[in-house]
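S.K.: Just so it is clear, I am handing over entry_32.pdb, which has PDB, C-alpha atoms.
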```pdb
ATOM      1  CA  MET A 183     163.811 144.454 140.992  1.00  0.00           C
ATOM      2  CA  ILE A 184     160.902 143.219 138.831  1.00  0.00           C
ATOM      3  CA  SER A 185     157.465 144.051 140.225  1.00  0.00           C
ATOM      4  CA  VAL A 186     154.824 141.363 139.764  1.00  0.00           C
ATOM      5  CA  PHE A 187     151.051 141.339 140.272  1.00  0.00           C
ATOM      6  CA  ILE A 188     149.127 138.054 140.707  1.00  0.00           C
ATOM      7  CA  VAL A 189     145.488 137.575 139.675  1.00  0.00           C
ATOM      8  CA  ASP A 190     143.718 134.324 140.592  1.00  0.00           C
ATOM      9  CA  ASP A 191     140.314 133.598 142.123  1.00  0.00           C
ATOM     10  CA  GLU A 192     141.728 130.699 144.183  1.00  0.00           C
ATOM     11  CA  GLU A 193     143.603 131.722 147.336  1.00  0.00           C
ATOM     12  CA  PRO A 194     145.851 128.601 147.453  1.00  0.00           C
ATOM     13  CA  ALA A 195     146.980 129.273 143.869  1.00  0.00           C
ATOM     14  CA  ARG A 196     147.725 132.929 144.654  1.00  0.00           C
ATOM     15  CA  ASP A 197     149.691 132.041 147.768  1.00  0.00           C
ATOM     16  CA  GLU A 198     151.637 129.255 146.044  1.00  0.00           C
ATOM     17  CA  LEU A 199     152.640 131.468 143.139  1.00  0.00           C
ATOM     18  CA  LYS A 200     153.620 134.310 145.460  1.00  0.00           C
ATOM     19  CA  PHE A 201     155.809 131.974 147.537  1.00  0.00           C
ATOM     20  CA  LEU A 202     157.553 130.501 144.477  1.00  0.00           C
ATOM     21  CA  LEU A 203     158.195 133.883 142.882  1.00  0.00           C
ATOM     22  CA  GLU A 204     159.570 135.413 146.065  1.00  0.00           C
ATOM     23  CA  GLU A 205     162.030 132.522 146.341  1.00  0.00           C
ATOM     24  CA  MET A 206     163.713 133.938 143.233  1.00  0.00           C
ATOM     25  CA  SER A 207     166.100 136.852 143.418  1.00  0.00           C
ATOM     26  CA  GLY A 208     165.183 140.181 141.880  1.00  0.00           C
ATOM     27  CA  ILE A 209     161.401 139.685 142.043  1.00  0.00           C
ATOM     28  CA  ARG A 210     158.908 141.544 144.226  1.00  0.00           C
ATOM     29  CA  VAL A 211     155.222 140.632 144.395  1.00  0.00           C
ATOM     30  CA  ALA A 212     153.632 144.084 144.513  1.00  0.00           C
ATOM     31  CA  GLY A 213     150.056 142.926 144.943  1.00  0.00           C
ATOM     32  CA  MET A 214     147.428 140.262 144.387  1.00  0.00           C
ATOM     33  CA  ALA A 215     143.766 140.188 143.339  1.00  0.00           C
ATOM     34  CA  ARG A 216     141.073 137.543 143.592  1.00  0.00           C
ATOM     35  CA  ASN A 217     138.942 138.667 140.633  1.00  0.00           C
ATOM     36  CA  GLY A 218     138.977 140.818 137.522  1.00  0.00           C
ATOM     37  CA  ARG A 219     137.629 143.973 139.129  1.00  0.00           C
ATOM     38  CA  GLU A 220     140.177 143.891 141.938  1.00  0.00           C
ATOM     39  CA  ALA A 221     142.874 143.253 139.349  1.00  0.00           C
ATOM     40  CA  LEU A 222     141.978 146.304 137.271  1.00  0.00           C
ATOM     41  CA  GLN A 223     142.033 148.529 140.338  1.00  0.00           C
ATOM     42  CA  GLY A 224     145.262 147.098 141.749  1.00  0.00           C
ATOM     43  CA  ILE A 225     147.176 147.166 138.466  1.00  0.00           C
ATOM     44  CA  GLN A 226     146.159 150.760 137.811  1.00  0.00           C
ATOM     45  CA  GLU A 227     147.349 151.793 141.272  1.00  0.00           C
ATOM     46  CA  LEU A 228     150.584 149.774 141.449  1.00  0.00           C
ATOM     47  CA  ARG A 229     151.636 149.706 137.762  1.00  0.00           C
ATOM     48  CA  PRO A 230     153.554 146.387 137.974  1.00  0.00           C
ATOM     49  CA  GLN A 231     155.907 145.347 135.201  1.00  0.00           C
ATOM     50  CA  VAL A 232     154.481 141.811 134.992  1.00  0.00           C
ATOM     51  CA  VAL A 233     151.000 140.383 135.624  1.00  0.00           C
ATOM     52  CA  PHE A 234     150.349 136.676 136.163  1.00  0.00           C
ATOM     53  CA  LEU A 235     146.726 136.438 135.030  1.00  0.00           C
ATOM     54  CA  ASP A 236     144.400 133.489 135.537  1.00  0.00           C
ATOM     55  CA  ILE A 237     142.450 132.697 132.364  1.00  0.00           C
ATOM     56  CA  GLN A 238     139.288 131.440 134.057  1.00  0.00           C
ATOM     57  CA  MET A 239     137.654 133.528 136.782  1.00  0.00           C
ATOM     58  CA  PRO A 240     133.996 133.863 137.795  1.00  0.00           C
ATOM     59  CA  ASP A 241     133.504 137.562 137.062  1.00  0.00           C
ATOM     60  CA  MET A 242     135.776 138.206 134.052  1.00  0.00           C
ATOM     61  CA  SER A 243     138.011 136.011 131.938  1.00  0.00           C
ATOM     62  CA  GLY A 244     141.718 136.816 131.910  1.00  0.00           C
ATOM     63  CA  LEU A 245     141.501 138.013 128.313  1.00  0.00           C
ATOM     64  CA  ASN A 246     138.700 140.428 129.113  1.00  0.00           C
ATOM     65  CA  VAL A 247     140.672 141.773 132.065  1.00  0.00           C
ATOM     66  CA  ALA A 248     143.569 142.416 129.694  1.00  0.00           C
ATOM     67  CA  ARG A 249     141.336 144.089 127.084  1.00  0.00           C
ATOM     68  CA  GLU A 250     139.802 146.402 129.668  1.00  0.00           C
ATOM     69  CA  LEU A 251     143.194 147.139 131.197  1.00  0.00           C
ATOM     70  CA  LEU A 252     144.475 148.238 127.803  1.00  0.00           C
ATOM     71  CA  SER A 253     141.665 150.770 127.485  1.00  0.00           C
ATOM     72  CA  LEU A 254     142.318 152.066 131.009  1.00  0.00           C
ATOM     73  CA  ILE A 255     146.096 152.509 131.091  1.00  0.00           C
ATOM     74  CA  GLY A 256     147.205 152.473 127.458  1.00  0.00           C
ATOM     75  CA  LEU A 257     150.352 151.150 125.817  1.00  0.00           C
ATOM     76  CA  ASN A 258     153.085 152.934 127.783  1.00  0.00           C
ATOM     77  CA  ASP A 259     152.183 151.398 131.154  1.00  0.00           C
ATOM     78  CA  PHE A 260     150.835 148.096 129.854  1.00  0.00           C
ATOM     79  CA  PRO A 261     152.512 145.228 131.758  1.00  0.00           C
ATOM     80  CA  LEU A 262     153.916 142.026 130.333  1.00  0.00           C
ATOM     81  CA  LEU A 263     151.329 139.256 130.672  1.00  0.00           C
ATOM     82  CA  VAL A 264     151.796 135.670 131.762  1.00  0.00           C
ATOM     83  CA  PHE A 265     148.607 133.638 131.581  1.00  0.00           C
ATOM     84  CA  ALA A 266     147.972 130.892 134.138  1.00  0.00           C
ATOM     85  CA  THR A 267     145.711 127.929 133.460  1.00  0.00           C
ATOM     86  CA  ALA A 268     144.857 124.494 134.811  1.00  0.00           C
ATOM     87  CA  PHE A 269     144.630 123.191 131.241  1.00  0.00           C
ATOM     88  CA  ASP A 270     147.261 122.310 128.688  1.00  0.00           C
ATOM     89  CA  ARG A 271     148.580 124.081 125.599  1.00  0.00           C
ATOM     90  CA  HIS A 272     145.492 123.184 123.570  1.00  0.00           C
ATOM     91  CA  ALA A 273     143.312 125.109 126.016  1.00  0.00           C
ATOM     92  CA  LEU A 274     145.402 128.193 125.375  1.00  0.00           C
ATOM     93  CA  GLU A 275     144.900 127.753 121.655  1.00  0.00           C
ATOM     94  CA  ALA A 276     141.160 127.536 122.272  1.00  0.00           C
ATOM     95  CA  PHE A 277     141.242 130.778 124.212  1.00  0.00           C
ATOM     96  CA  GLU A 278     143.250 132.399 121.384  1.00  0.00           C
ATOM     97  CA  VAL A 279     145.993 133.360 123.810  1.00  0.00           C
ATOM     98  CA  ASN A 280     149.238 134.912 122.607  1.00  0.00           C
ATOM     99  CA  ALA A 281     151.108 136.191 125.661  1.00  0.00           C
ATOM    100  CA  VAL A 282     154.724 136.530 126.753  1.00  0.00           C
ATOM    101  CA  ASP A 283     154.332 133.110 128.332  1.00  0.00           C
ATOM    102  CA  TYR A 284     151.870 130.791 130.058  1.00  0.00           C
ATOM    103  CA  VAL A 285     152.237 128.539 133.091  1.00  0.00           C
ATOM    104  CA  LEU A 286     150.249 125.468 134.023  1.00  0.00           C
ATOM    105  CA  LYS A 287     148.786 124.740 137.429  1.00  0.00           C
ATOM    106  CA  PRO A 288     150.063 123.382 139.740  1.00  0.00           C
ATOM    107  CA  PHE A 289     153.058 125.698 139.382  1.00  0.00           C
ATOM    108  CA  SER A 290     156.622 124.400 139.438  1.00  0.00           C
ATOM    109  CA  GLN A 291     159.718 126.335 140.448  1.00  0.00           C
ATOM    110  CA  GLU A 292     161.624 125.187 137.364  1.00  0.00           C
ATOM    111  CA  ARG A 293     158.888 126.325 134.958  1.00  0.00           C
ATOM    112  CA  LEU A 294     158.515 129.679 136.687  1.00  0.00           C
ATOM    113  CA  GLN A 295     162.273 130.187 136.449  1.00  0.00           C
ATOM    114  CA  GLN A 296     162.034 129.744 132.672  1.00  0.00           C
ATOM    115  CA  THR A 297     159.170 132.232 132.577  1.00  0.00           C
ATOM    116  CA  MET A 298     161.118 134.837 134.516  1.00  0.00           C
ATOM    117  CA  GLU A 299     164.108 134.433 132.196  1.00  0.00           C
ATOM    118  CA  ARG A 300     161.842 135.217 129.251  1.00  0.00           C
ATOM    119  CA  ILE A 301     160.433 138.195 131.099  1.00  0.00           C
ATOM    120  CA  LYS A 302     163.898 139.561 131.915  1.00  0.00           C
ATOM    121  CA  PHE A 303     164.821 139.257 128.257  1.00  0.00           C
ATOM    122  CA  SER A 304     161.615 141.026 127.206  1.00  0.00           C
ATOM    123  CA  LEU A 305     162.030 143.846 129.696  1.00  0.00           C
ATOM    124  CA  GLY A 306     165.657 144.315 128.743  1.00  0.00           C
ATOM    125  CA  ARG A 307     165.693 144.018 124.955  1.00  0.00           C
ATOM    126  CA  ASP A 308     162.317 143.517 123.280  1.00  0.00           C
ATOM    127  CA  ALA A 309     159.548 144.826 125.486  1.00  0.00           C
ATOM    128  CA  GLY A 310     157.913 146.828 122.716  1.00  0.00           C
ATOM    129  CA  GLY A 311     157.774 143.890 120.352  1.00  0.00           C
ATOM    130  CA  LYS A 312     156.347 141.585 122.966  1.00  0.00           C
ATOM    131  CA  ILE A 313     153.698 144.095 123.991  1.00  0.00           C
ATOM    132  CA  ASN A 314     152.725 144.835 120.414  1.00  0.00           C
ATOM    133  CA  ARG A 315     152.097 141.153 119.774  1.00  0.00           C
ATOM    134  CA  ILE A 316     149.791 141.082 122.794  1.00  0.00           C
ATOM    135  CA  LEU A 317     148.049 144.271 121.701  1.00  0.00           C
ATOM    136  CA  ALA A 318     147.302 142.756 118.304  1.00  0.00           C
ATOM    137  CA  LEU A 319     145.233 140.164 120.151  1.00  0.00           C
ATOM    138  CA  LEU A 320     143.692 142.455 122.745  1.00  0.00           C
ATOM    139  CA  GLU A 321     142.583 145.113 120.279  1.00  0.00           C
ATOM    140  CA  LYS A 322     140.872 142.505 118.149  1.00  0.00           C
ATOM    141  CA  PRO A 323     137.161 142.434 119.053  1.00  0.00           C
ATOM    142  CA  ALA A 324     135.797 139.235 120.509  1.00  0.00           C
ATOM    143  CA  GLU A 325     134.459 137.042 117.724  1.00  0.00           C
ATOM    144  CA  LYS A 326     131.501 134.726 117.635  1.00  0.00           C
ATOM    145  CA  ALA A 327     133.894 131.790 117.754  1.00  0.00           C
ATOM    146  CA  ARG A 328     133.826 128.314 119.171  1.00  0.00           C
ATOM    147  CA  LEU A 329     133.446 128.107 122.940  1.00  0.00           C
ATOM    148  CA  ALA A 330     135.954 126.155 125.036  1.00  0.00           C
ATOM    149  CA  VAL A 331     134.316 124.263 127.917  1.00  0.00           C
ATOM    150  CA  GLU A 332     135.606 121.745 130.446  1.00  0.00           C
ATOM    151  CA  ASP A 333     134.507 118.121 130.769  1.00  0.00           C
ATOM    152  CA  ASN A 334     136.363 115.880 133.241  1.00  0.00           C
ATOM    153  CA  GLY A 335     139.694 117.574 132.618  1.00  0.00           C
ATOM    154  CA  ARG A 336     139.257 117.715 128.842  1.00  0.00           C
ATOM    155  CA  ILE A 337     138.650 120.794 126.729  1.00  0.00           C
ATOM    156  CA  ILE A 338     135.711 120.562 124.324  1.00  0.00           C
ATOM    157  CA  LEU A 339     135.126 123.166 121.613  1.00  0.00           C
ATOM    158  CA  LEU A 340     131.440 123.937 121.065  1.00  0.00           C
ATOM    159  CA  GLU A 341     130.042 125.600 117.969  1.00  0.00           C
ATOM    160  CA  PRO A 342     127.728 128.528 118.820  1.00  0.00           C
ATOM    161  CA  GLU A 343     124.729 126.813 117.234  1.00  0.00           C
ATOM    162  CA  GLU A 344     125.156 123.797 119.545  1.00  0.00           C
ATOM    163  CA  ILE A 345     124.399 125.858 122.645  1.00  0.00           C
ATOM    164  CA  ILE A 346     120.816 125.742 123.893  1.00  0.00           C
ATOM    165  CA  PHE A 347     121.126 127.847 127.032  1.00  0.00           C
ATOM    166  CA  ALA A 348     123.486 128.736 129.865  1.00  0.00           C
ATOM    167  CA  ASN A 349     122.741 129.331 133.522  1.00  0.00           C
ATOM    168  CA  ILE A 350     124.397 130.107 136.824  1.00  0.00           C
ATOM    169  CA  SER A 351     124.586 127.150 139.194  1.00  0.00           C
ATOM    170  CA  GLY A 352     126.349 127.900 142.475  1.00  0.00           C
ATOM    171  CA  ARG A 353     129.693 129.500 141.575  1.00  0.00           C
ATOM    172  CA  GLN A 354     129.740 128.035 138.075  1.00  0.00           C
ATOM    173  CA  VAL A 355     128.239 128.945 134.739  1.00  0.00           C
ATOM    174  CA  LEU A 356     126.933 125.835 132.990  1.00  0.00           C
ATOM    175  CA  VAL A 357     126.343 125.526 129.247  1.00  0.00           C
ATOM    176  CA  LYS A 358     123.635 123.142 128.018  1.00  0.00           C
ATOM    177  CA  THR A 359     123.718 121.394 124.647  1.00  0.00           C
ATOM    178  CA  ARG A 360     121.765 118.448 123.253  1.00  0.00           C
ATOM    179  CA  ASP A 361     124.664 116.197 124.230  1.00  0.00           C
ATOM    180  CA  GLY A 362     125.323 117.355 127.766  1.00  0.00           C
ATOM    181  CA  GLU A 363     126.088 120.082 130.265  1.00  0.00           C
ATOM    182  CA  TYR A 364     129.511 121.690 130.630  1.00  0.00           C
ATOM    183  CA  ALA A 365     131.304 124.145 132.895  1.00  0.00           C
ATOM    184  CA  ALA A 366     132.309 127.366 131.120  1.00  0.00           C
ATOM    185  CA  GLY A 367     135.128 129.671 132.191  1.00  0.00           C
ATOM    186  CA  TYR A 368     133.105 132.788 131.439  1.00  0.00           C
ATOM    187  CA  SER A 369     130.558 134.907 133.242  1.00  0.00           C
ATOM    188  CA  LEU A 370     126.972 134.884 131.985  1.00  0.00           C
ATOM    189  CA  ALA A 371     127.436 138.417 130.615  1.00  0.00           C
ATOM    190  CA  GLU A 372     130.573 137.362 128.711  1.00  0.00           C
ATOM    191  CA  LEU A 373     128.746 134.395 127.173  1.00  0.00           C
ATOM    192  CA  GLN A 374     125.850 136.606 126.158  1.00  0.00           C
ATOM    193  CA  LYS A 375     128.161 139.032 124.377  1.00  0.00           C
ATOM    194  CA  ARG A 376     130.507 136.431 122.898  1.00  0.00           C
ATOM    195  CA  LEU A 377     127.742 134.204 121.482  1.00  0.00           C
ATOM    196  CA  ASP A 378     124.939 136.733 120.954  1.00  0.00           C
ATOM    197  CA  LEU A 379     122.638 134.968 123.417  1.00  0.00           C
ATOM    198  CA  LEU A 380     119.368 136.342 124.796  1.00  0.00           C
ATOM    199  CA  GLN A 381     119.045 137.059 128.515  1.00  0.00           C
ATOM    200  CA  THR A 382     115.746 135.875 130.002  1.00  0.00           C
ATOM    201  CA  HIS A 383     116.543 136.011 133.708  1.00  0.00           C
ATOM    202  CA  LYS A 384     119.385 137.165 135.945  1.00  0.00           C
ATOM    203  CA  SER A 385     120.645 133.569 135.937  1.00  0.00           C
ATOM    204  CA  TYR A 386     119.814 132.472 132.364  1.00  0.00           C
ATOM    205  CA  VAL A 387     120.727 133.264 128.756  1.00  0.00           C
ATOM    206  CA  VAL A 388     119.367 131.301 125.800  1.00  0.00           C
ATOM    207  CA  ASN A 389     120.016 130.694 122.133  1.00  0.00           C
ATOM    208  CA  PRO A 390     116.829 132.176 120.593  1.00  0.00           C
ATOM    209  CA  VAL A 391     116.697 129.638 117.761  1.00  0.00           C
ATOM    210  CA  MET A 392     116.612 126.849 120.359  1.00  0.00           C
ATOM    211  CA  VAL A 393     113.300 127.999 121.872  1.00  0.00           C
ATOM    212  CA  ARG A 394     110.593 125.385 121.121  1.00  0.00           C
ATOM    213  CA  GLU A 395     107.614 126.795 123.008  1.00  0.00           C
ATOM    214  CA  ILE A 396     106.560 129.737 125.184  1.00  0.00           C
ATOM    215  CA  ILE A 397     104.322 129.124 128.197  1.00  0.00           C
ATOM    216  CA  PRO A 398     102.641 132.034 130.036  1.00  0.00           C
ATOM    217  CA  TRP A 399     103.333 131.738 133.758  1.00  0.00           C
ATOM    218  CA  PHE A 400     102.102 134.152 136.422  1.00  0.00           C
ATOM    219  CA  ASN A 401     102.347 137.898 137.077  1.00  0.00           C
ATOM    220  CA  GLY A 402     103.331 138.550 133.473  1.00  0.00           C
ATOM    221  CA  THR A 403     106.221 136.068 133.422  1.00  0.00           C
ATOM    222  CA  TYR A 404     106.861 133.135 131.081  1.00  0.00           C
ATOM    223  CA  ASN A 405     108.696 129.838 130.780  1.00  0.00           C
ATOM    224  CA  LEU A 406     110.538 128.867 127.617  1.00  0.00           C
ATOM    225  CA  VAL A 407     110.567 125.232 126.553  1.00  0.00           C
ATOM    226  CA  MET A 408     113.925 124.527 124.943  1.00  0.00           C
ATOM    227  CA  LYS A 409     114.906 122.101 122.171  1.00  0.00           C
ATOM    228  CA  ASP A 410     117.002 119.719 124.243  1.00  0.00           C
ATOM    229  CA  ARG A 411     116.032 116.112 124.964  1.00  0.00           C
ATOM    230  CA  GLU A 412     114.673 117.045 128.370  1.00  0.00           C
ATOM    231  CA  LYS A 413     112.622 119.961 126.998  1.00  0.00           C
ATOM    232  CA  SER A 414     114.145 122.124 129.717  1.00  0.00           C
ATOM    233  CA  LEU A 415     112.139 125.032 131.119  1.00  0.00           C
ATOM    234  CA  VAL A 416     113.931 128.382 131.220  1.00  0.00           C
ATOM    235  CA  PRO A 417     112.281 131.193 133.211  1.00  0.00           C
ATOM    236  CA  VAL A 418     111.603 134.636 131.786  1.00  0.00           C
ATOM    237  CA  SER A 419     111.450 137.223 134.575  1.00  0.00           C
ATOM    238  CA  ARG A 420     109.383 140.394 134.268  1.00  0.00           C
ATOM    239  CA  THR A 421     112.560 142.450 133.833  1.00  0.00           C
ATOM    240  CA  PHE A 422     113.369 140.707 130.543  1.00  0.00           C
ATOM    241  CA  VAL A 423     109.871 140.004 129.138  1.00  0.00           C
ATOM    242  CA  LYS A 424     109.918 142.915 126.687  1.00  0.00           C
ATOM    243  CA  ASN A 425     113.365 142.053 125.322  1.00  0.00           C
ATOM    244  CA  VAL A 426     112.430 138.395 124.952  1.00  0.00           C
ATOM    245  CA  LYS A 427     109.193 139.254 123.117  1.00  0.00           C
ATOM    246  CA  ASN A 428     111.075 141.542 120.758  1.00  0.00           C
ATOM    247  CA  ALA A 429     113.781 138.959 120.084  1.00  0.00           C
ATOM    248  CA  LEU A 430     111.238 136.201 119.437  1.00  0.00           C
ATOM    249  CA  GLN A 431     108.995 138.557 117.431  1.00  0.00           C
ATOM    250  CA  LEU A 432     105.955 138.062 119.668  1.00  0.00           C
TER     251      LEU A 432
END
```
Translate the structure of the given file into structure tokens.
M.R.:
Amino acid sequence: MISVFIVDDEEPARDELKFLLEEMSGIRVAGMARNGREALQGIQELRPQVVFLDIQMPDMSGLNVARELLSLIGLNDFPLLVFATAFDRHALEAFEVNAVDYVLKPFSQERLQQTMERIKFSLGRDAGGKINRILALLEKPAEKARLAVEDNGRIILLEPEEIIFANISGRQVLVKTRDGEYAAGYSLAELQKRLDLLQTHKSYVVNPVMVREIIPWFNGTYNLVMKDREKSLVPVSRTFVKNVKNALQL
């Protein structure tokens, strides 16, 4: 019996995948998680053989979940990974994914059957090789690389220097460039680390070289005027004033 753990922030996707997997013989869904933190806890406790891991989640990307999991449980108990995504193969290339397999949403029984055949082969004959190929990716530090964002079902690759700022809007993180605004599949903290952005507020990070002007506000706070067409105003809260002044050499 192969034990499987499902990680996806959307309940319908979790339930659909669980139903389809349990229709197959020899598979047991040991647990499910709705975000990265729950996933790390559940996988450590249950030690499944396979994890179906959503690439895009609000708190942590699937790759960052995998990197952190590696540091927590090590090689011996590291599960086989199957990444799930709503995008096509090119999105996986953009995310630099190299897993045992990937599946596209919405899931199909036929495609999942192919995935499970690959997993059975890996568990039976080549688990070490498969895991080592994943580890080569996971142990590699995140690079200041192009950022994959979504625009009406397409994947657009942004160069770091194109990004003016990013902010939290509802449940999404939006990235602003001179050409438009895009949804990013990363948390604000992940964007800050990945692209070396400057945090100005709990809901904003900026590209320091894209700051046009600094306007004193009230109670020791500021607004930054950015270099987009709209000359957007980005708030600087008191918590981050010192860091912003240091970064901008004020």
S.K.: Using all atoms listed in the file, which residues sit within 12 Å of stretch 400-412 of chain A once same-chain residues fewer than 2 positions away are excluded, as a PDB file with C-alpha atoms, in the coordinates of the input?
M.R.:
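The result, stored in around02.pdb:
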```pdb
ATOM      1  CA  GLU A 343     124.729 126.813 117.234  1.00  0.00           C
ATOM      2  CA  GLU A 344     125.156 123.797 119.545  1.00  0.00           C
ATOM      3  CA  ILE A 345     124.399 125.858 122.645  1.00  0.00           C
ATOM      4  CA  ILE A 346     120.816 125.742 123.893  1.00  0.00           C
ATOM      5  CA  PHE A 347     121.126 127.847 127.032  1.00  0.00           C
ATOM      6  CA  ALA A 348     123.486 128.736 129.865  1.00  0.00           C
ATOM      7  CA  LYS A 358     123.635 123.142 128.018  1.00  0.00           C
ATOM      8  CA  THR A 359     123.718 121.394 124.647  1.00  0.00           C
ATOM      9  CA  ARG A 360     121.765 118.448 123.253  1.00  0.00           C
ATOM     10  CA  ASP A 361     124.664 116.197 124.230  1.00  0.00           C
ATOM     11  CA  GLY A 362     125.323 117.355 127.766  1.00  0.00           C
ATOM     12  CA  GLU A 363     126.088 120.082 130.265  1.00  0.00           C
ATOM     13  CA  LEU A 380     119.368 136.342 124.796  1.00  0.00           C
ATOM     14  CA  GLN A 381     119.045 137.059 128.515  1.00  0.00           C
ATOM     15  CA  THR A 382     115.746 135.875 130.002  1.00  0.00           C
ATOM     16  CA  HIS A 383     116.543 136.011 133.708  1.00  0.00           C
ATOM     17  CA  TYR A 386     119.814 132.472 132.364  1.00  0.00           C
ATOM     18  CA  VAL A 387     120.727 133.264 128.756  1.00  0.00           C
ATOM     19  CA  VAL A 388     119.367 131.301 125.800  1.00  0.00           C
ATOM     20  CA  ASN A 389     120.016 130.694 122.133  1.00  0.00           C
ATOM     21  CA  PRO A 390     116.829 132.176 120.593  1.00  0.00           C
ATOM     22  CA  VAL A 391     116.697 129.638 117.761  1.00  0.00           C
ATOM     23  CA  MET A 392     116.612 126.849 120.359  1.00  0.00           C
ATOM     24  CA  VAL A 393     113.300 127.999 121.872  1.00  0.00           C
ATOM     25  CA  ARG A 394     110.593 125.385 121.121  1.00  0.00           C
ATOM     26  CA  GLU A 395     107.614 126.795 123.008  1.00  0.00           C
ATOM     27  CA  ILE A 396     106.560 129.737 125.184  1.00  0.00           C
ATOM     28  CA  ILE A 397     104.322 129.124 128.197  1.00  0.00           C
ATOM     29  CA  PRO A 398     102.641 132.034 130.036  1.00  0.00           C
ATOM     30  CA  SER A 414     114.145 122.124 129.717  1.00  0.00           C
ATOM     31  CA  LEU A 415     112.139 125.032 131.119  1.00  0.00           C
ATOM     32  CA  VAL A 416     113.931 128.382 131.220  1.00  0.00           C
ATOM     33  CA  PRO A 417     112.281 131.193 133.211  1.00  0.00           C
ATOM     34  CA  VAL A 418     111.603 134.636 131.786  1.00  0.00           C
ATOM     35  CA  SER A 419     111.450 137.223 134.575  1.00  0.00           C
ATOM     36  CA  ARG A 420     109.383 140.394 134.268  1.00  0.00           C
ATOM     37  CA  THR A 421     112.560 142.450 133.833  1.00  0.00           C
ATOM     38  CA  PHE A 422     113.369 140.707 130.543  1.00  0.00           C
ATOM     39  CA  VAL A 423     109.871 140.004 129.138  1.00  0.00           C
ATOM     40  CA  LYS A 424     109.918 142.915 126.687  1.00  0.00           C
ATOM     41  CA  VAL A 426     112.430 138.395 124.952  1.00  0.00           C
ATOM     42  CA  LYS A 427     109.193 139.254 123.117  1.00  0.00           C
ATOM     43  CA  LEU A 430     111.238 136.201 119.437  1.00  0.00           C
TER      44      LEU A 430
END
```
S.K.: One number please: atom CA of A:Gly218 to atom CA of A:Gln238, in Å, one decimal.
M.R.: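 Separation between atom CA of A:Gly218 and atom CA of A:Gln238: 10.0 Å.
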S.K.: Could you state which residues are captured by the PyMOL selection byres ((chain A and resi 287) around 7) in this file, as a list in words?
M.R.: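 Applied to this file, the PyMOL selection byres ((chain A and resi 287) around 7) selects Thr267, Ala268, Val285, Leu286, Pro288 and Phe289 of chain A.
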S.K.: Please evaluate the PyMOL selection byres ((chain A and resi 199) around 12) against the structure above and give the resulting residues as a PyMOL selection string.
M.R.: chain A and resi 186-190+192-198+200-206+210-211+213-214+233-236+266+285-291+293-295
S.K.: Please, what distance in Å, to one decimal, runs between atom CA of A:Val247 and atom CA of A:Arg219?
M.R.: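 So the two atoms, atom CA of A:Val247 and atom CA of A:Arg219, lie 8.0 Å apart.
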S.K.: State, in Å with one decimal place, the distance from atom CA of A:Lys384 to atom CA of A:Arg353.
M.R.: 14.0 Å
S.K.: How big is the axis-aligned box, and where does its centre sit, when it encloses all atoms of stretch 246-254 of chain A listed in the file and has 5 Å added on every side, reported in Å to one decimal as AutoDock Vina command-line options?
M.R.:
```
--center_x 141.6 --center_y 146.2 --center_z 129.6 --size_x 15.8 --size_y 21.6 --size_z 15.0
```
S.K.: Output requested as a PDB file, in the coordinates of the input - stretch 351-362 of chain A, filled out with N, CA and C atoms.
M.R.:
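Listed below is the output, rebuild_10.pdb:
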```
ATOM      1  N   SER A 351     124.879 128.196 138.220  1.00  0.00           N
ATOM      2  CA  SER A 351     124.586 127.150 139.194  1.00  0.00           C
ATOM      3  C   SER A 351     125.673 127.188 140.261  1.00  0.00           C
ATOM      4  N   GLY A 352     125.335 127.716 141.438  1.00  0.00           N
ATOM      5  CA  GLY A 352     126.349 127.900 142.475  1.00  0.00           C
ATOM      6  C   GLY A 352     127.349 128.948 142.040  1.00  0.00           C
ATOM      7  N   ARG A 353     128.633 128.579 142.009  1.00  0.00           N
ATOM      8  CA  ARG A 353     129.693 129.500 141.575  1.00  0.00           C
ATOM      9  C   ARG A 353     130.079 129.280 140.123  1.00  0.00           C
ATOM     10  N   GLN A 354     129.389 128.363 139.451  1.00  0.00           N
ATOM     11  CA  GLN A 354     129.740 128.035 138.075  1.00  0.00           C
ATOM     12  C   GLN A 354     128.707 128.560 137.090  1.00  0.00           C
ATOM     13  N   VAL A 355     129.151 128.728 135.858  1.00  0.00           N
ATOM     14  CA  VAL A 355     128.239 128.945 134.739  1.00  0.00           C
ATOM     15  C   VAL A 355     128.241 127.660 133.918  1.00  0.00           C
ATOM     16  N   LEU A 356     127.068 127.084 133.724  1.00  0.00           N
ATOM     17  CA  LEU A 356     126.933 125.835 132.990  1.00  0.00           C
ATOM     18  C   LEU A 356     126.312 126.093 131.624  1.00  0.00           C
ATOM     19  N   VAL A 357     126.836 125.405 130.619  1.00  0.00           N
ATOM     20  CA  VAL A 357     126.343 125.526 129.247  1.00  0.00           C
ATOM     21  C   VAL A 357     125.658 124.223 128.873  1.00  0.00           C
ATOM     22  N   LYS A 358     124.426 124.325 128.372  1.00  0.00           N
ATOM     23  CA  LYS A 358     123.635 123.142 128.018  1.00  0.00           C
ATOM     24  C   LYS A 358     123.590 122.984 126.510  1.00  0.00           C
ATOM     25  N   THR A 359     123.882 121.764 126.048  1.00  0.00           N
ATOM     26  CA  THR A 359     123.718 121.394 124.647  1.00  0.00           C
ATOM     27  C   THR A 359     122.839 120.160 124.582  1.00  0.00           C
ATOM     28  N   ARG A 360     122.554 119.685 123.363  1.00  0.00           N
ATOM     29  CA  ARG A 360     121.765 118.448 123.253  1.00  0.00           C
ATOM     30  C   ARG A 360     122.521 117.253 123.820  1.00  0.00           C
ATOM     31  N   ASP A 361     123.848 117.343 123.806  1.00  0.00           N
ATOM     32  CA  ASP A 361     124.664 116.197 124.230  1.00  0.00           C
ATOM     33  C   ASP A 361     125.049 116.206 125.696  1.00  0.00           C
ATOM     34  N   GLY A 362     124.911 117.332 126.369  1.00  0.00           N
ATOM     35  CA  GLY A 362     125.323 117.355 127.766  1.00  0.00           C
ATOM     36  C   GLY A 362     125.371 118.748 128.347  1.00  0.00           C
TER      37      GLY A 362
END
```
